[in-house]
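Visitor: Enclosed is the structure file structure.cif (mmCIF, C-alpha atoms and all ligand atoms).
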```
data_protein
#
loop_
_atom_site.group_PDB
_atom_site.id
_atom_site.type_symbol
_atom_site.label_atom_id
_atom_site.label_comp_id
_atom_site.auth_asym_id
_atom_site.auth_seq_id
_atom_site.Cartn_x
_atom_site.Cartn_y
_atom_site.Cartn_z
ATOM 1 C CA MET A 1 1.162 2.073 6.318
ATOM 2 C CA LYS A 2 4.865 2.810 6.593
ATOM 3 C CA HIS A 3 7.079 2.457 3.487
ATOM 4 C CA SER A 4 9.347 -0.580 3.677
ATOM 5 C CA PRO A 5 11.914 -0.569 0.864
ATOM 6 C CA ASP A 6 13.698 -3.474 2.594
ATOM 7 C CA THR A 7 10.598 -5.614 2.097
ATOM 8 C CA ILE A 8 10.490 -4.804 -1.612
ATOM 9 C CA GLU A 9 14.192 -5.557 -1.869
ATOM 10 C CA LEU A 10 13.645 -8.896 -0.133
ATOM 11 C CA LEU A 11 10.708 -9.845 -2.342
ATOM 12 C CA MET A 12 12.634 -8.909 -5.480
ATOM 13 C CA ASN A 13 15.609 -11.032 -4.499
ATOM 14 C CA ARG A 14 14.338 -13.897 -2.343
ATOM 15 C CA ARG A 15 15.374 -17.322 -3.534
ATOM 16 C CA SER A 16 15.063 -20.807 -2.154
ATOM 17 C CA LEU A 17 18.108 -22.879 -1.340
ATOM 18 C CA LEU A 18 17.911 -26.658 -1.833
ATOM 19 C CA ALA A 19 16.860 -28.212 1.457
ATOM 20 C CA GLY A 20 19.839 -30.558 1.374
ATOM 21 C CA LYS A 21 22.170 -27.570 1.416
ATOM 22 C CA LEU A 22 20.695 -25.928 4.502
ATOM 23 C CA ILE A 23 22.986 -25.987 7.506
ATOM 24 C CA GLU A 24 22.976 -24.963 11.163
ATOM 25 C CA PRO A 25 22.061 -22.673 12.703
ATOM 26 C CA GLY A 26 18.319 -22.626 12.227
ATOM 27 C CA PRO A 27 15.984 -20.050 13.727
ATOM 28 C CA THR A 28 16.121 -19.550 17.487
ATOM 29 C CA GLU A 29 12.959 -20.166 19.507
ATOM 30 C CA GLU A 30 12.265 -16.429 19.477
ATOM 31 C CA GLU A 31 12.745 -16.239 15.708
ATOM 32 C CA LEU A 32 10.563 -19.308 15.239
ATOM 33 C CA LYS A 33 7.761 -17.590 17.163
ATOM 34 C CA LYS A 34 8.018 -14.617 14.797
ATOM 35 C CA ILE A 35 7.957 -16.879 11.748
ATOM 36 C CA LEU A 36 4.855 -18.639 13.088
ATOM 37 C CA VAL A 37 3.042 -15.394 13.838
ATOM 38 C CA CYS A 38 3.842 -14.138 10.319
ATOM 39 C CA ALA A 39 2.634 -17.501 8.972
ATOM 40 C CA THR A 40 -0.794 -17.076 10.483
ATOM 41 C CA ARG A 41 -1.267 -13.468 9.357
ATOM 42 C CA VAL A 42 -2.621 -14.365 5.946
ATOM 43 C CA PRO A 43 -5.810 -13.616 4.063
ATOM 44 C CA ASP A 44 -8.391 -16.198 5.122
ATOM 45 C CA HIS A 45 -11.898 -15.922 3.681
ATOM 46 C CA LYS A 46 -14.469 -16.223 6.500
ATOM 47 C CA GLY A 47 -11.728 -16.509 9.117
ATOM 48 C CA ILE A 48 -11.730 -20.297 9.042
ATOM 49 C CA CYS A 49 -8.017 -20.806 9.878
ATOM 50 C CA PRO A 50 -8.006 -23.888 7.649
ATOM 51 C CA TRP A 51 -4.346 -24.677 8.264
ATOM 52 C CA ARG A 52 -2.104 -26.344 10.828
ATOM 53 C CA ILE A 53 1.654 -26.185 11.300
ATOM 54 C CA GLN A 54 3.845 -28.868 12.843
ATOM 55 C CA VAL A 55 7.314 -27.855 14.041
ATOM 56 C CA VAL A 56 9.852 -30.625 13.509
ATOM 57 C CA ASP A 57 13.336 -30.433 14.973
ATOM 58 C CA ARG A 58 16.307 -32.262 13.502
ATOM 59 C CA ALA A 59 15.961 -35.299 15.784
ATOM 60 C CA ASN A 60 12.347 -35.848 14.769
ATOM 61 C CA GLN A 61 13.166 -35.276 11.105
ATOM 62 C CA ASP A 62 15.701 -38.078 11.433
ATOM 63 C CA ILE A 63 13.015 -40.383 12.859
ATOM 64 C CA LEU A 64 10.652 -39.481 9.994
ATOM 65 C CA HIS A 65 13.475 -39.888 7.503
ATOM 66 C CA ALA A 66 14.198 -43.399 8.782
ATOM 67 C CA LYS A 67 10.530 -44.378 8.634
ATOM 68 C CA LEU A 68 9.789 -43.131 5.104
ATOM 69 C CA PRO A 69 11.040 -46.123 3.102
ATOM 70 C CA GLU A 70 8.688 -48.390 5.075
ATOM 71 C CA LEU A 71 5.763 -46.005 4.586
ATOM 72 C CA HIS A 72 6.575 -45.770 0.902
ATOM 73 C CA GLU A 73 6.706 -49.546 0.395
ATOM 74 C CA GLY A 74 3.318 -49.905 1.997
ATOM 75 C CA ASP A 75 1.517 -47.694 -0.448
ATOM 76 C CA PRO A 76 1.793 -48.656 -4.112
ATOM 77 C CA ALA A 77 -0.097 -45.478 -5.019
ATOM 78 C CA SER A 78 3.034 -43.523 -4.120
ATOM 79 C CA LEU A 79 5.369 -45.601 -6.240
ATOM 80 C CA GLY A 80 6.484 -44.053 -9.471
ATOM 81 C CA LYS A 81 5.646 -40.530 -8.402
ATOM 82 C CA THR A 82 9.294 -39.940 -7.749
ATOM 83 C CA ASN A 83 12.414 -41.978 -7.305
ATOM 84 C CA SER A 84 13.186 -40.145 -4.124
ATOM 85 C CA LYS A 85 12.273 -42.150 -1.051
ATOM 86 C CA GLU A 86 14.075 -39.869 1.292
ATOM 87 C CA ALA A 87 13.016 -36.726 3.012
ATOM 88 C CA LYS A 88 15.543 -33.985 3.348
ATOM 89 C CA THR A 89 16.598 -32.785 6.757
ATOM 90 C CA ALA A 90 17.442 -29.256 7.815
ATOM 91 C CA PRO A 91 17.865 -27.370 11.081
ATOM 92 C CA LEU A 92 14.115 -26.796 11.115
ATOM 93 C CA LEU A 93 11.149 -28.281 9.271
ATOM 94 C CA LEU A 94 7.640 -26.846 9.302
ATOM 95 C CA ILE A 95 4.889 -29.095 7.962
ATOM 96 C CA VAL A 96 1.911 -27.066 6.798
ATOM 97 C CA SER A 97 -1.357 -28.926 6.372
ATOM 98 C CA SER A 98 -4.743 -27.736 5.262
ATOM 99 C CA TYR A 99 -8.078 -28.825 6.736
ATOM 100 C CA THR A 100 -10.801 -27.767 4.336
ATOM 101 C CA ALA A 101 -13.935 -29.327 5.786
ATOM 102 C CA SER A 102 -15.698 -25.990 6.278
ATOM 103 C CA LYS A 103 -18.408 -25.091 3.812
ATOM 104 C CA LYS A 104 -18.125 -21.383 4.656
ATOM 105 C CA ALA A 105 -15.659 -20.709 1.830
ATOM 106 C CA PRO A 106 -14.773 -22.684 -1.307
ATOM 107 C CA ARG A 107 -12.255 -25.447 -0.638
ATOM 108 C CA CYS A 108 -9.924 -23.940 -3.219
ATOM 109 C CA GLU A 109 -9.798 -20.678 -1.276
ATOM 110 C CA GLN A 110 -8.963 -22.518 1.917
ATOM 111 C CA LEU A 111 -6.081 -24.285 0.179
ATOM 112 C CA LEU A 112 -4.891 -20.971 -1.245
ATOM 113 C CA SER A 113 -4.913 -19.442 2.214
ATOM 114 C CA GLY A 114 -2.620 -22.294 3.266
ATOM 115 C CA ALA A 115 -0.325 -21.506 0.351
ATOM 116 C CA ALA A 116 -0.136 -17.962 1.681
ATOM 117 C CA VAL A 117 0.903 -19.430 5.052
ATOM 118 C CA CYS A 118 3.734 -21.265 3.306
ATOM 119 C CA GLN A 119 4.836 -18.189 1.390
ATOM 120 C CA ASN A 120 4.807 -16.062 4.540
ATOM 121 C CA ILE A 121 7.051 -18.648 6.198
ATOM 122 C CA LEU A 122 9.519 -18.356 3.302
ATOM 123 C CA ILE A 123 9.448 -14.569 3.438
ATOM 124 C CA ALA A 124 9.717 -14.286 7.227
ATOM 125 C CA SER A 125 12.583 -16.793 7.252
ATOM 126 C CA SER A 126 14.396 -14.766 4.593
ATOM 127 C CA ALA A 127 13.795 -11.542 6.514
ATOM 128 C CA LEU A 128 15.506 -13.150 9.506
ATOM 129 C CA GLY A 129 18.516 -14.076 7.367
ATOM 130 C CA TYR A 130 17.732 -17.749 6.737
ATOM 131 C CA ARG A 131 17.232 -19.739 3.572
ATOM 132 C CA SER A 132 14.393 -22.154 3.024
ATOM 133 C CA GLN A 133 12.732 -24.493 0.557
ATOM 134 C CA TRP A 134 9.102 -25.538 0.099
ATOM 135 C CA LEU A 135 8.807 -29.182 -0.927
ATOM 136 C CA THR A 136 6.028 -31.707 -1.210
ATOM 137 C CA GLU A 137 7.451 -34.853 -2.868
ATOM 138 C CA TRP A 138 5.508 -38.121 -2.708
ATOM 139 C CA PHE A 139 5.253 -38.068 1.069
ATOM 140 C CA ALA A 140 2.882 -35.100 1.039
ATOM 141 C CA TYR A 141 0.358 -37.243 -0.816
ATOM 142 C CA ASN A 142 0.690 -40.497 1.076
ATOM 143 C CA ASP A 143 -2.006 -41.438 3.593
ATOM 144 C CA ARG A 144 0.330 -43.627 5.639
ATOM 145 C CA VAL A 145 2.711 -40.707 6.040
ATOM 146 C CA LYS A 146 -0.195 -38.498 7.111
ATOM 147 C CA GLU A 147 -1.301 -41.071 9.687
ATOM 148 C CA TYR A 148 2.250 -41.403 10.966
ATOM 149 C CA LEU A 149 2.444 -37.625 11.359
ATOM 150 C CA GLY A 150 -0.924 -37.460 13.100
ATOM 151 C CA ILE A 151 -2.531 -35.628 10.181
ATOM 152 C CA ALA A 152 -6.032 -36.781 9.199
ATOM 153 C CA THR A 153 -6.127 -38.377 5.769
ATOM 154 C CA ILE A 154 -8.834 -35.936 4.679
ATOM 155 C CA GLU A 155 -6.367 -33.103 5.229
ATOM 156 C CA ASP A 156 -3.861 -31.981 2.607
ATOM 157 C CA ILE A 157 -0.202 -31.582 3.370
ATOM 158 C CA ILE A 158 0.611 -28.472 1.392
ATOM 159 C CA GLY A 159 4.210 -27.980 2.323
ATOM 160 C CA PHE A 160 7.265 -29.394 3.984
ATOM 161 C CA ILE A 161 9.214 -26.190 4.521
ATOM 162 C CA TYR A 162 12.872 -26.623 5.376
ATOM 163 C CA ILE A 163 14.689 -23.706 7.011
ATOM 164 C CA GLY A 164 18.333 -23.143 7.872
ATOM 165 C CA SER A 165 21.443 -21.193 7.078
ATOM 166 C CA GLU A 166 23.087 -21.059 3.699
ATOM 167 C CA THR A 167 26.153 -22.953 2.608
ATOM 168 C CA GLU A 168 26.249 -20.839 -0.519
ATOM 169 C CA ALA A 169 24.070 -18.176 -2.078
ATOM 170 C CA PRO A 170 21.736 -19.834 -4.567
ATOM 171 C CA LYS A 171 22.131 -18.927 -8.224
ATOM 172 C CA GLU A 172 19.270 -16.981 -9.733
ATOM 173 C CA ARG A 173 16.863 -19.032 -11.816
ATOM 174 C CA PRO A 174 14.938 -17.865 -14.884
ATOM 175 C CA ARG A 175 11.955 -15.690 -14.043
ATOM 176 C CA PRO A 176 9.125 -14.817 -16.374
ATOM 177 C CA ASN A 177 9.102 -11.447 -18.042
ATOM 178 C CA VAL A 178 6.348 -9.526 -16.348
ATOM 179 C CA SER A 179 5.189 -8.335 -19.766
ATOM 180 C CA ASP A 180 4.662 -11.981 -20.863
ATOM 181 C CA ILE A 181 2.184 -12.718 -18.122
ATOM 182 C CA VAL A 182 0.539 -9.379 -17.486
ATOM 183 C CA THR A 183 -1.929 -7.588 -19.679
ATOM 184 C CA ARG A 184 -3.882 -4.430 -19.114
ATOM 185 C CA LEU A 185 -7.538 -5.206 -19.460
ATOM 186 C CA GLN A 186 -9.256 -2.746 -21.786
ATOM 187 C CA LEU A 187 -13.015 -3.289 -21.897
HETATM 188 C C1 LIG A 201 3.538 -26.330 -3.650
HETATM 189 C C2 LIG A 201 4.962 -26.515 -4.076
HETATM 190 C C3 LIG A 201 5.527 -27.769 -3.977
HETATM 191 C C4 LIG A 201 6.846 -27.981 -4.374
HETATM 192 N N1 LIG A 201 7.364 -29.229 -4.277
HETATM 193 C C5 LIG A 201 8.594 -29.463 -4.711
HETATM 194 C C6 LIG A 201 9.129 -30.776 -4.656
HETATM 195 O O1 LIG A 201 8.492 -31.710 -4.164
HETATM 196 N N2 LIG A 201 10.390 -30.967 -5.141
HETATM 197 C C7 LIG A 201 11.123 -29.937 -5.679
HETATM 198 O O2 LIG A 201 12.244 -30.174 -6.127
HETATM 199 N N3 LIG A 201 10.646 -28.675 -5.718
HETATM 200 C C8 LIG A 201 9.404 -28.423 -5.257
HETATM 201 N N4 LIG A 201 8.907 -27.149 -5.297
HETATM 202 C C9 LIG A 201 9.751 -26.072 -5.838
HETATM 203 C C10 LIG A 201 10.722 -25.556 -4.792
HETATM 204 O O3 LIG A 201 10.041 -24.898 -3.745
HETATM 205 C C11 LIG A 201 11.735 -24.600 -5.433
HETATM 206 O O4 LIG A 201 12.789 -24.495 -4.546
HETATM 207 C C12 LIG A 201 11.209 -23.234 -5.717
HETATM 208 O O5 LIG A 201 10.227 -23.247 -6.738
HETATM 209 C C13 LIG A 201 12.342 -22.293 -6.153
HETATM 210 O O6 LIG A 201 11.851 -20.995 -6.405
HETATM 211 P P1 LIG A 201 12.318 -19.726 -5.568
HETATM 212 O O7 LIG A 201 13.800 -19.682 -5.598
HETATM 213 O O8 LIG A 201 11.649 -18.581 -6.212
HETATM 214 O O9 LIG A 201 11.816 -19.909 -4.137
HETATM 215 C C14 LIG A 201 7.611 -26.906 -4.883
HETATM 216 C C15 LIG A 201 7.030 -25.619 -4.949
HETATM 217 C C16 LIG A 201 5.730 -25.422 -4.560
HETATM 218 C C17 LIG A 201 5.124 -24.044 -4.647
#
```
Let me see the structure of the file written as structure tokens.
Guide:
Amino acid sequence: MKHSPDTIELLMNRRSLLAGKLIEPGPTEEELKKILVCATRVPDHKGICPWRIQVVDRANQDILHAKLPELHEGDPASLGKTNSKEAKTAPLLLIVSSYTASKKAPRCEQLLSGAAVCQNILIASSALGYRSQWLTEWFAYNDRVKEYLGIATIEDIIGFIYIGSETEAPKERPRPNVSDIVTRLQL
């Protein structure tokens, strides 16, 4: 495997930018294809592919955005989870959902594979010069939203990933000291 110092540099510096601050342009169709290929190249125990990705352009985000208050009102289970009734919009939205019906691998592992899909999307987007943010909010956990999006209610929405260009470089946020979370196991 070839050394890739640029990848290490990217991983050491990548940061999300608030979805509401993402501006045009978003990825081109060619860049989107690359992001999607990177998204699907993730560890996946038993090769189940327990994830789906929906590509949502700005116009369709606006339609979803307009519909959310109604979907929210209809499901008291969602109330109180957050005050925010509104989705963000960005040049591009990828909705990553996880279908974990297979018994071939533990459900938890299938969900984790989906999380790797989301992380690869963030990394690939950064590598192409874009900013992004991974959100869930109440609408990831609302069955009426899932139905509206054509996602089965037994599936999990694991990420609304907003991608676009930066208005400003995000400020760094506190990171854990590696020494606080890592120990060397001595048996
Ligand atoms: C699964 C998951 C769900 C998240 N959902 C939300 C959310 O609903 N609202 C929010 O403000 N941040 C949410 N976040 C956090 C944002 O992604 C945040 O931008 C990120 O943690 C910033 O870290 P970074 O700069 O290292 O990317 C979520 C993160 C993860 C991993």
Visitor: Per residue of chain A within 10 Å of ligand LIG 201 (chain A), what are the shortest atom pair and its distance in Å to one decimal, counting all atoms listed in the file, with rows by chain and residue number, as a Markdown table?
Guide:
```
| residue | atom | partner | partner_atom | distance |
| --- | --- | --- | --- | --- |
| A:Leu11 | CA | A:LIG201 | O8 | 9.6 |
| A:Met12 | CA | A:LIG201 | O8 | 9.7 |
| A:Asn13 | CA | A:LIG201 | O8 | 8.7 |
| A:Arg14 | CA | A:LIG201 | O8 | 6.6 |
| A:Arg15 | CA | A:LIG201 | O7 | 3.5 |
| A:Ser16 | CA | A:LIG201 | O7 | 3.8 |
| A:Leu17 | CA | A:LIG201 | O4 | 6.4 |
| A:Leu18 | CA | A:LIG201 | O4 | 6.2 |
| A:Ala19 | CA | A:LIG201 | O4 | 8.2 |
| A:Thr82 | CA | A:LIG201 | O1 | 9.0 |
| A:Ser84 | CA | A:LIG201 | N2 | 9.6 |
| A:Ala87 | CA | A:LIG201 | O1 | 9.9 |
| A:Ala115 | CA | A:LIG201 | C1 | 7.4 |
| A:Cys118 | CA | A:LIG201 | C17 | 8.5 |
| A:Gln119 | CA | A:LIG201 | C17 | 8.4 |
| A:Leu122 | CA | A:LIG201 | O9 | 7.9 |
| A:Ile123 | CA | A:LIG201 | O9 | 9.6 |
| A:Arg131 | CA | A:LIG201 | O9 | 9.4 |
| A:Ser132 | CA | A:LIG201 | O9 | 7.9 |
| A:Gln133 | CA | A:LIG201 | O3 | 5.1 |
| A:Trp134 | CA | A:LIG201 | O3 | 4.0 |
| A:Leu135 | CA | A:LIG201 | N1 | 3.6 |
| A:Thr136 | CA | A:LIG201 | O1 | 3.8 |
| A:Glu137 | CA | A:LIG201 | O1 | 3.6 |
| A:Trp138 | CA | A:LIG201 | O1 | 7.2 |
| A:Phe139 | CA | A:LIG201 | O1 | 8.8 |
| A:Ala140 | CA | A:LIG201 | O1 | 8.4 |
| A:Ile157 | CA | A:LIG201 | C1 | 9.5 |
| A:Ile158 | CA | A:LIG201 | C1 | 6.2 |
| A:Gly159 | CA | A:LIG201 | C1 | 6.2 |
| A:Phe160 | CA | A:LIG201 | N1 | 8.3 |
| A:Ile161 | CA | A:LIG201 | O3 | 8.4 |
| A:Tyr162 | CA | A:LIG201 | O3 | 9.7 |
| A:Pro170 | CA | A:LIG201 | O7 | 8.0 |
| A:Lys171 | CA | A:LIG201 | O7 | 8.8 |
| A:Glu172 | CA | A:LIG201 | O7 | 7.4 |
| A:Arg173 | CA | A:LIG201 | O7 | 7.0 |
| A:Pro174 | CA | A:LIG201 | O8 | 9.3 |
| A:Arg175 | CA | A:LIG201 | O8 | 8.4 |
```
Visitor: Choose the residue, out of A:Ala101, A:Ile53, A:Leu32, A:Ile8, that has the smallest atom-to-atom separation from A:Thr153; count only C-alpha atoms.
Guide: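 Using only C-alpha atoms, the shortest distance to A:Thr153 belongs to A:Ala101.
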Visitor: For stretch 141-143 of chain A, find every residue with an atom within 9 Å (counting all atoms listed in the file), except residues of its own chain fewer than 3 positions away, and show them as a PDB file with C-alpha atoms, in the coordinates of the input.
Guide:
```
ATOM      1  CA  LEU A  71       5.763 -46.005   4.586  1.00  0.00           C
ATOM      2  CA  HIS A  72       6.575 -45.770   0.902  1.00  0.00           C
ATOM      3  CA  ASP A  75       1.517 -47.694  -0.448  1.00  0.00           C
ATOM      4  CA  ALA A  77      -0.097 -45.478  -5.019  1.00  0.00           C
ATOM      5  CA  SER A  78       3.034 -43.523  -4.120  1.00  0.00           C
ATOM      6  CA  THR A 136       6.028 -31.707  -1.210  1.00  0.00           C
ATOM      7  CA  GLU A 137       7.451 -34.853  -2.868  1.00  0.00           C
ATOM      8  CA  TRP A 138       5.508 -38.121  -2.708  1.00  0.00           C
ATOM      9  CA  LYS A 146      -0.195 -38.498   7.111  1.00  0.00           C
ATOM     10  CA  GLU A 147      -1.301 -41.071   9.687  1.00  0.00           C
ATOM     11  CA  TYR A 148       2.250 -41.403  10.966  1.00  0.00           C
ATOM     12  CA  ILE A 151      -2.531 -35.628  10.181  1.00  0.00           C
ATOM     13  CA  ALA A 152      -6.032 -36.781   9.199  1.00  0.00           C
ATOM     14  CA  THR A 153      -6.127 -38.377   5.769  1.00  0.00           C
ATOM     15  CA  ILE A 154      -8.834 -35.936   4.679  1.00  0.00           C
ATOM     16  CA  ASP A 156      -3.861 -31.981   2.607  1.00  0.00           C
ATOM     17  CA  ILE A 157      -0.202 -31.582   3.370  1.00  0.00           C
TER      18      ILE A 157
END
```
Visitor: (19.8, -25.1, 9.7) in this file's frame - what residues fall within 10 Å of it? Use only C-alpha atoms and give the answer as a PyMOL selection string.
Guide: chain A and resi 19-27+57-58+89-93+130-132+162-167
Visitor: A:Asn120, A:Gln54, A:Ser97, A:Gln61: which is nearest A:Lys34, counting all atoms listed in the file?
Guide: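 Closest to A:Lys34 of all the choices is A:Asn120.
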Visitor: For A:Leu149, which residue among A:Met1, A:Lys104, A:Ile181, A:Ile63 is the nearest when counting all atoms listed in the file?
Guide: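 For A:Leu149, the nearest of the candidates is A:Ile63.
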Visitor: Counting all atoms listed in the file, figure out which residue out of A:Asp180, A:Asp62, A:Glu31, A:Glu155 gets nearest to A:Gly114.
Guide: A:Glu155
Visitor: Take atom CA of A:Val182 and atom CA of A:Val117 and report the distance between them in Å, one decimal.
Guide: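 Atom CA of A:Val182 sits 24.7 Å away from atom CA of A:Val117.
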Visitor: Would you please work out which residue, of A:Gly129, A:Gly150, A:Asp6, A:Pro176, is nearest to A:Thr28 when using only C-alpha atoms?
Guide: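 Ranked by minimum distance to A:Thr28, first place goes to A:Gly129.
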Visitor: So which residues touch A:Lys46 within 8 Å, counting all atoms listed in the file, skipping near sequence neighbours fewer than 2 positions away, as a list in words?
Guide: Asp44, Ile48, Lys104 and Ala105 of chain A
Visitor: Those same residues, written as an mmCIF file, keeping the file's coordinate frame with C-alpha atoms?
Guide:
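Written file, out.cif:
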```cif
data_model
loop_
_atom_site.group_PDB
_atom_site.id
_atom_site.type_symbol
_atom_site.label_atom_id
_atom_site.label_comp_id
_atom_site.auth_asym_id
_atom_site.auth_seq_id
_atom_site.Cartn_x
_atom_site.Cartn_y
_atom_site.Cartn_z
ATOM 1 C CA ASP A 44 -8.391 -16.198 5.122
ATOM 2 C CA ILE A 48 -11.730 -20.297 9.042
ATOM 3 C CA LYS A 104 -18.125 -21.383 4.656
ATOM 4 C CA ALA A 105 -15.659 -20.709 1.830
#
```
Visitor: Given all atoms listed in the file as the basis, pick out the residue of A:Leu68, A:Ala116, A:Cys108, A:Leu94 nearest to A:Pro43.
Guide: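 For A:Pro43, the nearest of the given residues is A:Ala116.
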Visitor: So what do you get for atom CA of A:Ala59 versus atom CA of A:Ala169, distance-wise?
Guide: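 Atom-to-atom, atom CA of A:Ala59 to atom CA of A:Ala169, that is 26.0 Å.
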Visitor: Expressed in Å to a single decimal, how great is the separation between atom CA of A:Ile95 and atom CA of A:Ile121?
Guide: 10.8 Å
